[in-house]
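Novice: Let me give you the structure first, and then I'll get to my questions.
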Amino acid sequence: MSTRIAIIGAGLMGADHAKIVAEDMPGATLQVICDMDAARAKSVAEAHGAADIASDPEAAIARADVDAVIVASPDFTHAPLSKACIAAGKRVLCEKPLSQKSAECIGVMQAEMGAGARFVQLGFMRRYDQSYVEMRRALRDGALGRALMMHNFHRNVETPASDFTGAMAITNSAPHEFDVVRLVLGTEYASITAHQPRRSDARVAPVVMVLETTDDQLVTIEINNNAAYGYDVRAELVGEAGSIAMNNVAYTRTDMALASATRYDADWRGRYHDAYVRQNRAFLRFVETGRFPDIASSSWDGYAAAVVAEAGVRALQTGTKQAVEMIARPEFYA
C-alpha cells in the first residue's frame, strides 16, 4: 500500500517537498497540502497532483487518510506540530530547526520518549549530500588519520530579509554546519567564539565562529549572508595524514573571450536537490519499517544544534568564549 503524506506549509520548501513526493518517492502518495493561504495550497496541490487541500494543520495531521507528515511551515510551528504528530502516532519529517529554543526541543524529546518510539526525523538534509558522505567515510575508514580541524563556509547572495542580523546568521544559517560537522567528526562541541568584521555599508557582515570539540579538534564556520557573487558552500576536513575538501558543483564551464567561467547557483535548492531526495526516501523507509534511518537527524540532533546556536549568540553578543553545555544524551537516542 502507498504511504499517504500530508505536507504542512505550501511555501518554497513545502512546494519543493511536494514535487519530490510526487516525482521521486515511489511508494508515497501526495495526499494533502495544508496552508493557511488556501490559494497557495491549491496552487501547489494542482501542480503536483495532491488529492486534497486543508488549512488547519492539526486537523490535517489527525486525518484518517494521512499516514505521515512533512512539516515545512514557519520555524516557530515546528516543535508544536512535531508534538501533534507524536500525539497522533504519525511519523514526521520536520524541516530544520526543530526549534531555536533548546527548551522546546527538550519538550519534543520528552513527548517522543513518552510515546516509547521515534517519530521525528529532522530535515538537516546535508547529512545526505555526497560530499559530506565521502568526508565521513574517509575519516571512518582511517584514510585521513586523526581529524584535527574542519573548515566550513556558507555564503548566500544576500540576506533573506532587510532586518537580518548576525545573531540570525547563527540561529538560521549556521545550524546546517553545526549539525553536519557533528555527524562527520562523530563528536560534540565544548565551546564557541563568534566574530564579525566591519562592512562599509549597513548590510549584515559575515559571522566567523571557532568551535572546540570535546575531542580537542577545531572547527571554523564562516556564515556570509551578503557574499553577492552566488550561493557557495564548501568544507575541508584536515587530518594528520591528509585532507579532503568539497568541490563546487558545476556541470558546465564556459570558455570564451580569453576567459573561462563556471556559474554559481542563486540558492541552495539546486545544490542540494539530490540530498533532499535521499533524505525524503529515507523518511519513507522510516515510515514503512519503523526503523530510524542510520544517518538522519533526530530530535536530539535538533536539540544539539539549538544549544550550540544559543551559545554562539551569547559569544557574539559578549565577545567572549562560551561553553556549550548540553544535557546528558538520553539512552533513547543512542
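To be explicit about the labels: the chains of the C-alpha cells are called A, B, and onward in the order shown, and within each one the residues are counted from 1, while ligands get numbers from 1 in the order they are shown.
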Might you pull out every residue within 7 Å of range 225-233 of chain A, with only C-alpha atoms counted and same-chain residues fewer than 6 positions away left off, and present them as a list in words?
Specialist: Phe153, His154, Arg155, Asn156, Val157, Glu158, Thr159, Pro206, Tyr264, Asp265, Ala266, Asp267 and Trp268 of chain A
Novice: Keeping only C-alpha atoms, write the selected residues as a PDB file, in the first residue's frame.
Specialist:
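Heads up, here's the output in out-v5.pdb:
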ATOM      1  CA  PHE A 153      31.986  28.380   4.847  1.00  0.00           C
ATOM      2  CA  HIS A 154      28.401  29.059   3.908  1.00  0.00           C
ATOM      3  CA  ARG A 155      27.728  32.019   1.608  1.00  0.00           C
ATOM      4  CA  ASN A 156      24.492  33.421   0.221  1.00  0.00           C
ATOM      5  CA  VAL A 157      23.946  36.103  -2.396  1.00  0.00           C
ATOM      6  CA  GLU A 158      22.115  38.337   0.077  1.00  0.00           C
ATOM      7  CA  THR A 159      20.168  38.158   3.305  1.00  0.00           C
ATOM      8  CA  PRO A 206      29.897  37.835   7.920  1.00  0.00           C
ATOM      9  CA  TYR A 264      27.151  29.567  -9.018  1.00  0.00           C
ATOM     10  CA  ASP A 265      23.579  28.760  -8.047  1.00  0.00           C
ATOM     11  CA  ALA A 266      21.372  31.554  -6.713  1.00  0.00           C
ATOM     12  CA  ASP A 267      20.330  29.488  -3.685  1.00  0.00           C
ATOM     13  CA  TRP A 268      20.564  26.038  -2.077  1.00  0.00           C
TER      14      TRP A 268
END
Novice: Would you please extract all alpha helix (DSSP H) residues from range 122-183 of chain A, as assigned by DSSP on the backbone, and give them as a PyMOL selection string?
Specialist: chain A and resi 130-140+166-168+175-183
Novice: Pull the closest atom pair for each residue of range 238-272 of chain A that gets at most 12 Å from range 128-144 of chain A, along with the distance in Å to one decimal, counting only C-alpha atoms, ordering rows by chain and then ascending residue number, as JSON lines.
Specialist:
{"residue": "A:Val238", "atom": "CA", "partner": "A:Leu144", "partner_atom": "CA", "distance": 7.5}
{"residue": "A:Gly239", "atom": "CA", "partner": "A:Leu144", "partner_atom": "CA", "distance": 4.9}
{"residue": "A:Glu240", "atom": "CA", "partner": "A:Leu144", "partner_atom": "CA", "distance": 6.3}
{"residue": "A:Ala241", "atom": "CA", "partner": "A:Leu144", "partner_atom": "CA", "distance": 4.8}
{"residue": "A:Gly242", "atom": "CA", "partner": "A:Leu144", "partner_atom": "CA", "distance": 5.1}
{"residue": "A:Ser243", "atom": "CA", "partner": "A:Leu144", "partner_atom": "CA", "distance": 6.3}
{"residue": "A:Ile244", "atom": "CA", "partner": "A:Met135", "partner_atom": "CA", "distance": 6.4}
{"residue": "A:Ala245", "atom": "CA", "partner": "A:Met135", "partner_atom": "CA", "distance": 7.8}
{"residue": "A:Met246", "atom": "CA", "partner": "A:Ser131", "partner_atom": "CA", "distance": 5.8}
{"residue": "A:Asn247", "atom": "CA", "partner": "A:Ser131", "partner_atom": "CA", "distance": 7.9}
{"residue": "A:Asn248", "atom": "CA", "partner": "A:Ser131", "partner_atom": "CA", "distance": 9.9}
{"residue": "A:Val249", "atom": "CA", "partner": "A:Ser131", "partner_atom": "CA", "distance": 9.9}
{"residue": "A:Trp268", "atom": "CA", "partner": "A:Asp129", "partner_atom": "CA", "distance": 11.9}
{"residue": "A:Gly270", "atom": "CA", "partner": "A:Asp129", "partner_atom": "CA", "distance": 11.9}
{"residue": "A:Arg271", "atom": "CA", "partner": "A:Asp129", "partner_atom": "CA", "distance": 9.2}
{"residue": "A:Tyr272", "atom": "CA", "partner": "A:Asp129", "partner_atom": "CA", "distance": 6.8}
Novice: Using only C-alpha atoms, tabulate the residues of range 58-130 of chain A lying at most 12 Å from any atom of range 34-37 of chain A, each with its closest atom pair and that distance in Å to one decimal, by chain and increasing residue number, as a tab-separated table.
Specialist:
residue	atom	partner	partner_atom	distance
A:Glu58	CA	A:Cys34	CA	9.7
A:Ala59	CA	A:Cys34	CA	9.6
A:Ala60	CA	A:Cys34	CA	7.0
A:Ile61	CA	A:Cys34	CA	9.5
A:Arg63	CA	A:Cys34	CA	11.8
A:Val66	CA	A:Cys34	CA	11.9
A:Val69	CA	A:Cys34	CA	10.5
A:Ile70	CA	A:Cys34	CA	10.3
A:Val71	CA	A:Cys34	CA	9.7
A:Ala72	CA	A:Asp35	CA	9.9
A:Ser73	CA	A:Asp35	CA	8.1
A:Pro74	CA	A:Asp35	CA	10.7
Novice: With all heavy atoms retained, export the selected residues as a tab-separated table (two decimals), in the first residue's frame.
Specialist:
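File written: out19.tsv
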chain	number	residue	atom	x	y	z
A	58	GLU	N	-3.29	20.91	12.48
A	58	GLU	CA	-3.53	19.82	13.44
A	58	GLU	C	-4.65	18.90	12.96
A	58	GLU	O	-4.58	17.68	13.15
A	58	GLU	CB	-3.82	20.39	14.82
A	58	GLU	CG	-2.61	21.10	15.42
A	58	GLU	CD	-2.72	21.30	16.92
A	58	GLU	OE1	-3.70	20.82	17.52
A	58	GLU	OE2	-1.81	21.94	17.48
A	59	ALA	N	-5.66	19.46	12.31
A	59	ALA	CA	-6.72	18.62	11.74
A	59	ALA	C	-6.19	17.78	10.60
A	59	ALA	O	-6.56	16.61	10.44
A	59	ALA	CB	-7.88	19.51	11.27
A	60	ALA	N	-5.29	18.35	9.80
A	60	ALA	CA	-4.69	17.59	8.69
A	60	ALA	C	-3.86	16.44	9.22
A	60	ALA	O	-3.89	15.32	8.67
A	60	ALA	CB	-3.83	18.52	7.82
A	61	ILE	N	-3.11	16.68	10.29
A	61	ILE	CA	-2.29	15.63	10.89
A	61	ILE	C	-3.17	14.48	11.39
A	61	ILE	O	-2.81	13.30	11.26
A	61	ILE	CB	-1.45	16.22	12.05
A	61	ILE	CG1	-0.34	17.12	11.48
A	61	ILE	CG2	-0.84	15.10	12.91
A	61	ILE	CD1	0.33	17.99	12.52
A	63	ARG	N	-6.05	13.44	10.28
A	63	ARG	CA	-6.91	12.79	9.29
A	63	ARG	C	-6.61	11.30	9.15
A	63	ARG	O	-5.44	10.88	9.15
A	63	ARG	CB	-6.75	13.48	7.93
A	63	ARG	CG	-7.42	14.82	7.85
A	63	ARG	CD	-7.12	15.56	6.58
A	63	ARG	NE	-7.45	14.81	5.36
A	63	ARG	CZ	-7.86	15.39	4.23
A	63	ARG	NH1	-8.02	16.73	4.17
A	63	ARG	NH2	-8.13	14.67	3.17
A	66	VAL	N	-4.28	10.15	6.24
A	66	VAL	CA	-2.88	10.62	6.27
A	66	VAL	C	-2.07	9.66	7.13
A	66	VAL	O	-2.41	9.40	8.29
A	66	VAL	CB	-2.80	12.06	6.83
A	66	VAL	CG1	-1.34	12.42	7.16
A	66	VAL	CG2	-3.39	13.05	5.83
A	69	VAL	N	3.67	12.79	7.82
A	69	VAL	CA	3.59	14.24	7.65
A	69	VAL	C	4.97	14.81	7.35
A	69	VAL	O	5.98	14.36	7.90
A	69	VAL	CB	3.02	14.89	8.93
A	69	VAL	CG1	2.94	16.41	8.78
A	69	VAL	CG2	1.65	14.31	9.28
A	70	ILE	N	5.00	15.82	6.48
A	70	ILE	CA	6.19	16.65	6.29
A	70	ILE	C	5.84	18.06	6.74
A	70	ILE	O	4.88	18.65	6.24
A	70	ILE	CB	6.67	16.66	4.82
A	70	ILE	CG1	7.10	15.26	4.40
A	70	ILE	CG2	7.82	17.66	4.64
A	70	ILE	CD1	7.49	15.16	2.92
A	71	VAL	N	6.59	18.59	7.70
A	71	VAL	CA	6.34	19.93	8.22
A	71	VAL	C	7.31	20.91	7.56
A	71	VAL	O	8.53	20.81	7.74
A	71	VAL	CB	6.48	19.98	9.75
A	71	VAL	CG1	6.46	21.42	10.26
A	71	VAL	CG2	5.37	19.18	10.41
A	72	ALA	N	6.77	21.83	6.78
A	72	ALA	CA	7.58	22.84	6.09
A	72	ALA	C	6.97	24.22	6.30
A	72	ALA	O	7.08	25.10	5.45
A	72	ALA	CB	7.66	22.52	4.60
A	73	SER	N	6.32	24.40	7.44
A	73	SER	CA	5.69	25.67	7.81
A	73	SER	C	6.73	26.53	8.53
A	73	SER	O	7.87	26.11	8.73
A	73	SER	CB	4.48	25.38	8.69
A	73	SER	OG	4.79	24.41	9.67
A	74	PRO	N	6.39	27.76	8.95
A	74	PRO	CA	7.36	28.64	9.60
A	74	PRO	C	8.02	28.00	10.83
A	74	PRO	O	7.43	27.15	11.51
A	74	PRO	CB	6.52	29.86	9.99
A	74	PRO	CG	5.45	29.90	8.94
A	74	PRO	CD	5.11	28.46	8.68
Novice: Which residues, written as a list in words, have at least one atom at most 9 Å from Thr320 in chain A, with only C-alpha atoms counted and residues fewer than 2 positions away on the same chain left out?
Specialist: Ile192, Thr193, Ala194, Arg314, Ala315, Leu316, Gln317, Thr318 and Gln322 of chain A
Novice: If you keep C-alpha atoms, can you produce a file of those selected residues as a PDB file, in the first residue's frame?
Specialist:
ATOM      1  CA  ILE A 192      32.377  28.553  20.739  1.00  0.00           C
ATOM      2  CA  THR A 193      33.579  32.057  19.934  1.00  0.00           C
ATOM      3  CA  ALA A 194      31.994  34.335  17.330  1.00  0.00           C
ATOM      4  CA  ARG A 314      25.949  34.725  23.554  1.00  0.00           C
ATOM      5  CA  ALA A 315      29.515  34.594  22.239  1.00  0.00           C
ATOM      6  CA  LEU A 316      28.747  37.154  19.540  1.00  0.00           C
ATOM      7  CA  GLN A 317      26.976  39.491  21.952  1.00  0.00           C
ATOM      8  CA  THR A 318      29.613  39.324  24.689  1.00  0.00           C
ATOM      9  CA  GLN A 322      31.087  30.459  25.650  1.00  0.00           C
TER      10      GLN A 322
END
